[in-house]
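A short worksheet on the structure shown next.
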Amino acid sequence: MKVSASTNLFLRPFKWLRKIRGFRLVYTPLLAIVLFTAVMGIMLGTLHLQEKNQQEAALFRELSFAKQRIQLRFTNNLELLSTINRELAASEDQAKLKQIAYEQAEELVLNNHEIIKIVSLGQQYQQQWIAPANANKSDWLVKSQSDKATNDALITT
């Protein structure tokens, strides 16, 4: 009995160790996979948030730049219209200066797609002249539709 009692005392820790070893062999890879998946999920989520923030910042910069460009164009157009107005007001009887102001107004309309036409009104709000004379600024629409039809025809042939 002494041998068996000493044997039991000697073997008990090894049985417990064998149980732990079996637990480690089975669950360690599973635990590693779960931890790896969790860490990768956290990393992907963090990278996704960073990319989203960068895209929002880039969009904000582009919108700010576009806003500044539009404001600058409107300011320039306002200055040109003021200049044309002053020239017309100063040249009531001089036909040559009126013609130059009219040509500047027509050039302004042709060079700026946001202005369709300029209408000059007299003292009693009667129309004096229109720049440009034909007032057909929808050429870009007709042209884009004809280009699309041409491209469609080229694709089908």
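Chain labels run A, B, ... following the order of the structure tokens; each chain numbers its residues from 1, and ligands are numbered from 1 in the order shown.
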
Item to check | Surrounding residues of stretch 77-79 of chain A excluding itself and chain neighbours under 4 positions, 9 Å, only C-alpha atoms, as a PyMOL selection string | outcome: chain A and resi 72-73+83-84+108+112

Would you export the selected residues with N, CA and C atoms as an mmCIF file, in the first residue's frame, please?
data_model
loop_
_atom_site.group_PDB
_atom_site.id
_atom_site.type_symbol
_atom_site.label_atom_id
_atom_site.label_comp_id
_atom_site.auth_asym_id
_atom_site.auth_seq_id
_atom_site.Cartn_x
_atom_site.Cartn_y
_atom_site.Cartn_z
ATOM 1 N N LEU A 72 -15.023 83.219 -57.390
ATOM 2 C CA LEU A 72 -14.116 84.058 -58.179
ATOM 3 C C LEU A 72 -14.708 84.366 -59.542
ATOM 4 N N ARG A 73 -15.311 83.363 -60.186
ATOM 5 C CA ARG A 73 -15.925 83.598 -61.500
ATOM 6 C C ARG A 73 -17.072 84.606 -61.378
ATOM 7 N N THR A 83 -18.218 97.241 -65.258
ATOM 8 C CA THR A 83 -17.410 98.016 -66.213
ATOM 9 C C THR A 83 -18.226 98.333 -67.464
ATOM 10 N N ILE A 84 -18.934 97.342 -67.984
ATOM 11 C CA ILE A 84 -19.770 97.573 -69.168
ATOM 12 C C ILE A 84 -20.866 98.588 -68.854
ATOM 13 N N LEU A 108 -18.506 88.448 -73.151
ATOM 14 C CA LEU A 108 -18.716 87.923 -71.806
ATOM 15 C C LEU A 108 -19.716 86.771 -71.820
ATOM 16 N N ASN A 112 -18.627 82.702 -70.988
ATOM 17 C CA ASN A 112 -19.080 82.189 -69.689
ATOM 18 C C ASN A 112 -20.345 81.376 -69.881
#

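Every protein, DNA or RNA residue with an atom at most 7 Å from A:Lys117, where only C-alpha atoms count and chain neighbours fewer than 2 positions away do not, is listed here: Val109, Ile115, Val119, Ile130, Ala131, Pro132 and Ala135 of chain A.
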
Requested write-out: C-alpha atoms of the selected residues, as a PDB file, in the first residue's frame:
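Writing done, so here's out_24.pdb:
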ATOM      1  CA  VAL A 109     -21.800  85.862 -72.643  1.00  0.00           C
ATOM      2  CA  ILE A 115     -24.541  83.517 -68.419  1.00  0.00           C
ATOM      3  CA  VAL A 119     -30.509  92.303 -71.594  1.00  0.00           C
ATOM      4  CA  ILE A 130     -29.678  91.756 -76.067  1.00  0.00           C
ATOM      5  CA  ALA A 131     -26.221  90.203 -76.067  1.00  0.00           C
ATOM      6  CA  PRO A 132     -25.693  87.980 -77.992  1.00  0.00           C
ATOM      7  CA  ALA A 135     -29.450  84.520 -77.730  1.00  0.00           C
TER       8      ALA A 135
END

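Using only C-alpha atoms, the contacts of A:Leu88 at a cut-off of 12 Å, with sequence neighbours closer than 4 positions omitted, comprise Leu81, Ser82, Thr83, Ile84, Glu92, Asp93, Gln94, Ala95, Lys96, Leu97, Lys98, Gln99, Ile100, Ala101, Tyr102, Glu103, Gln104, Ala105, Ser120, Leu121, Gly122, Gln128 and Trp129 of chain A.
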
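Nearest residue to A:Gln123 among A:Leu47, A:Val34, A:Ala66, A:Ala89 is A:Ala89, counting only C-alpha atoms.
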
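Of all the residues in stretch 21-136 of chain A, the ones DSSP labels as strand (DSSP E or B) from the backbone are Ile118, Val119, Ser120, Leu121, Gln127, Gln128, Trp129, Ile130 and Ala131 of chain A.
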
Checklist entry - So what do you get for atom CA of A:Lys52 versus atom CA of A:Met40, distance-wise? => result 18.1 Å
